[in-house]
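Below is one structure, written out as structure tokens; comments come after it.
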Amino acid sequence: MTEWVLDQVDYCYKQSEVKTLDGVRGSFQTGRSYQISGAPGSGKTTILALFAGLVVCSKGSLTFAGHELAEIDRNTYRGRETACLFQKSSLLKDSPLANLEMEMLLSGGKSTKEALKKGLLSVGLAENQLKTSVSKLTLKDRQLTALAKLLMKKSAKLILVDEPEKVFSECGADYAMKRLREHCLQQKKCLIFTTQSIQSVKFADELWGFNEGKLLFIKDQDPVL
């Protein structure tokens, strides 16, 4: 089991005295999925950025497997240990296959081209789309490519999804979250997703919520598989 622990975490954006995160505490483990809910601007995307190693705490600590994230090589951590999907697309202006090949290269992982093709086909892309520029694909197929990237990054212990109802709006949030939930359970990964909706709540083991910069545990529940 790998664990991420937030201990009295504050976060303030530069040139701001207002705390986006205020004394946040909590622990998150592999093999479980977590929903973090809250209104726009409540801190949901900020906490995902902390987990991804894109920013560090203004105060307090976030540890990964006992190591303080602020003190390790966060580029390596982000490349190998996390798979992230934020609302702004991170797809390369290349083919779905090239996107997966680049993800494998950055993560230091090994996977054959045939395995990557199989992964893309498994989410619903067609054979003739695998080498087509993503700019020529529909939004649905670009979202399926992003889903495949999350599923195929074998080295990642942590999968982060910002607003699944938005990033999977065309391919289906229920379809994508069911795939991710099953994947994380089978591969003993940690899934954390943020939302303003209740649509994806059924895919979470634990429910958390933001209120005035505080992250509050709401309840355990039995997710739907």
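Ligands are numbered from 1 in the order shown, chains are lettered A, B, ... in the order of the structure tokens, and residues start at 1 in each chain.
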
Distance table requested - segment 59-134 of chain A against segment 177-201 of chain A, cut-off 10 Å, only C-alpha atoms: one row per qualifying residue with the closest atom pair and its distance in Å to one decimal, ordered by chain and rising residue number, as JSON lines.
```
{"residue": "A:Glu81", "atom": "CA", "partner": "A:Lys189", "partner_atom": "CA", "distance": 10.0}
{"residue": "A:Thr82", "atom": "CA", "partner": "A:Cys190", "partner_atom": "CA", "distance": 9.5}
{"residue": "A:Ala83", "atom": "CA", "partner": "A:Leu191", "partner_atom": "CA", "distance": 9.6}
{"residue": "A:Cys84", "atom": "CA", "partner": "A:Ile192", "partner_atom": "CA", "distance": 9.8}
{"residue": "A:Leu85", "atom": "CA", "partner": "A:Phe193", "partner_atom": "CA", "distance": 9.5}
{"residue": "A:Phe86", "atom": "CA", "partner": "A:Phe193", "partner_atom": "CA", "distance": 9.9}
{"residue": "A:Val123", "atom": "CA", "partner": "A:Arg179", "partner_atom": "CA", "distance": 8.8}
```

Now that the selection is made, can you save its residues with C-alpha atoms as a PDB file, in the first residue's frame?
```pdb
ATOM      1  CA  GLU A  81       3.995   7.993 -10.346  1.00  0.00           C
ATOM      2  CA  THR A  82       0.989   9.996 -11.551  1.00  0.00           C
ATOM      3  CA  ALA A  83      -1.425  10.011 -14.478  1.00  0.00           C
ATOM      4  CA  CYS A  84      -3.348  13.280 -14.666  1.00  0.00           C
ATOM      5  CA  LEU A  85      -6.287  14.611 -16.637  1.00  0.00           C
ATOM      6  CA  PHE A  86      -7.110  18.265 -16.015  1.00  0.00           C
ATOM      7  CA  VAL A 123     -11.611   2.202 -25.109  1.00  0.00           C
TER       8      VAL A 123
END
```

Write out as an mmCIF file with N, CA, C and O atoms, in the first residue's frame each polymer residue whose atoms come within 12 Å of Lys118 of chain A, counting only C-alpha atoms; drop sequence neighbours fewer than 2 positions from it.
```cif
data_model
loop_
_atom_site.group_PDB
_atom_site.id
_atom_site.type_symbol
_atom_site.label_atom_id
_atom_site.label_comp_id
_atom_site.auth_asym_id
_atom_site.auth_seq_id
_atom_site.Cartn_x
_atom_site.Cartn_y
_atom_site.Cartn_z
ATOM 1 N N PRO A 96 -3.266 9.472 -31.730
ATOM 2 C CA PRO A 96 -3.474 8.801 -30.444
ATOM 3 C C PRO A 96 -2.322 7.864 -30.100
ATOM 4 O O PRO A 96 -1.871 7.821 -28.948
ATOM 5 N N LEU A 97 -1.824 7.124 -31.084
ATOM 6 C CA LEU A 97 -0.725 6.199 -30.827
ATOM 7 C C LEU A 97 0.528 6.950 -30.396
ATOM 8 O O LEU A 97 1.219 6.544 -29.449
ATOM 9 N N LEU A 100 0.331 8.016 -26.749
ATOM 10 C CA LEU A 100 0.626 6.944 -25.795
ATOM 11 C C LEU A 100 2.118 6.604 -25.785
ATOM 12 O O LEU A 100 2.698 6.334 -24.731
ATOM 13 N N SER A 111 6.339 -0.663 -23.176
ATOM 14 C CA SER A 111 5.135 -1.276 -23.715
ATOM 15 C C SER A 111 5.290 -1.347 -25.226
ATOM 16 O O SER A 111 5.794 -0.410 -25.850
ATOM 17 N N THR A 112 4.906 -2.461 -25.808
ATOM 18 C CA THR A 112 5.036 -2.618 -27.251
ATOM 19 C C THR A 112 4.001 -1.772 -27.976
ATOM 20 O O THR A 112 2.967 -1.395 -27.411
ATOM 21 N N LYS A 113 4.284 -1.492 -29.229
ATOM 22 C CA LYS A 113 3.340 -0.724 -30.033
ATOM 23 C C LYS A 113 2.018 -1.467 -30.152
ATOM 24 O O LYS A 113 0.936 -0.847 -30.138
ATOM 25 N N GLU A 114 2.087 -2.790 -30.238
ATOM 26 C CA GLU A 114 0.855 -3.574 -30.340
ATOM 27 C C GLU A 114 0.023 -3.466 -29.063
ATOM 28 O O GLU A 114 -1.205 -3.419 -29.120
ATOM 29 N N ALA A 115 0.688 -3.421 -27.898
ATOM 30 C CA ALA A 115 -0.042 -3.278 -26.628
ATOM 31 C C ALA A 115 -0.710 -1.915 -26.548
ATOM 32 O O ALA A 115 -1.843 -1.794 -26.063
ATOM 33 N N LEU A 116 -0.018 -0.883 -27.029
ATOM 34 C CA LEU A 116 -0.599 0.457 -27.028
ATOM 35 C C LEU A 116 -1.793 0.537 -27.976
ATOM 36 O O LEU A 116 -2.815 1.147 -27.655
ATOM 37 N N LEU A 120 -5.791 1.435 -27.044
ATOM 38 C CA LEU A 120 -6.629 2.438 -27.719
ATOM 39 C C LEU A 120 -7.899 1.811 -28.281
ATOM 40 O O LEU A 120 -8.986 2.376 -28.184
ATOM 41 N N LEU A 121 -7.772 0.632 -28.837
ATOM 42 C CA LEU A 121 -8.943 -0.055 -29.374
ATOM 43 C C LEU A 121 -9.910 -0.440 -28.261
ATOM 44 O O LEU A 121 -11.130 -0.416 -28.442
ATOM 45 N N SER A 122 -9.360 -0.762 -27.091
ATOM 46 C CA SER A 122 -10.202 -1.234 -25.989
ATOM 47 C C SER A 122 -11.124 -0.149 -25.439
ATOM 48 O O SER A 122 -12.156 -0.459 -24.847
ATOM 49 N N VAL A 123 -10.745 1.129 -25.610
ATOM 50 C CA VAL A 123 -11.611 2.202 -25.109
ATOM 51 C C VAL A 123 -12.642 2.638 -26.139
ATOM 52 O O VAL A 123 -13.538 3.418 -25.823
ATOM 53 N N GLY A 124 -12.499 2.144 -27.398
ATOM 54 C CA GLY A 124 -13.515 2.454 -28.386
ATOM 55 C C GLY A 124 -13.041 3.139 -29.651
ATOM 56 O O GLY A 124 -13.847 3.458 -30.528
ATOM 57 N N LEU A 125 -11.732 3.399 -29.769
ATOM 58 C CA LEU A 125 -11.224 3.983 -31.011
ATOM 59 C C LEU A 125 -11.186 2.916 -32.107
ATOM 60 O O LEU A 125 -11.054 1.726 -31.822
ATOM 61 N N ALA A 126 -11.267 3.356 -33.349
ATOM 62 C CA ALA A 126 -11.208 2.446 -34.487
ATOM 63 C C ALA A 126 -9.772 2.331 -34.991
ATOM 64 O O ALA A 126 -8.950 3.233 -34.780
ATOM 65 N N GLU A 127 -9.483 1.216 -35.650
ATOM 66 C CA GLU A 127 -8.136 0.958 -36.162
ATOM 67 C C GLU A 127 -7.625 2.105 -37.016
ATOM 68 O O GLU A 127 -6.466 2.515 -36.918
ATOM 69 N N LEU A 130 -6.010 5.342 -35.152
ATOM 70 C CA LEU A 130 -4.854 5.267 -34.261
ATOM 71 C C LEU A 130 -3.680 6.132 -34.706
ATOM 72 O O LEU A 130 -2.909 6.611 -33.874
ATOM 73 N N ALA A 148 -7.448 6.456 -22.521
ATOM 74 C CA ALA A 148 -6.451 5.409 -22.775
ATOM 75 C C ALA A 148 -5.097 5.761 -22.163
ATOM 76 O O ALA A 148 -4.391 4.889 -21.646
ATOM 77 N N LEU A 151 -5.211 4.837 -18.540
ATOM 78 C CA LEU A 151 -5.255 3.396 -18.322
ATOM 79 C C LEU A 151 -3.942 2.702 -18.671
ATOM 80 O O LEU A 151 -3.592 1.687 -18.064
ATOM 81 N N MET A 152 -3.211 3.239 -19.643
ATOM 82 C CA MET A 152 -2.012 2.553 -20.144
ATOM 83 C C MET A 152 -0.737 2.937 -19.414
ATOM 84 O O MET A 152 0.306 2.342 -19.643
#
```

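Minimum atom-to-atom distances from A:Leu105, A:Ala49, A:Cys171, A:Val56 to Asp10 of chain A were compared using only C-alpha atoms, and the lowest value belongs to A:Val56.
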
**Message:** Let's see if you can do this: from backbone DSSP, list all strand (DSSP E) residues in segment 55-210 of chain A, as a list in words.
**Reply:** Lys59, Gly60, Ser61, Leu62, Thr63, Phe64, His67, Glu68, Thr82, Ala83, Cys84, Leu85, Leu158, Ile159, Leu160, Val161, Asp162, Cys190, Leu191, Ile192, Phe193, Thr194, Thr195, Glu206, Leu207, Trp208, Gly209 and Phe210 of chain A

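Of note, atom CA of Lys93 of chain A and atom CA of Lys166 of chain A are spaced 20.7 Å apart.
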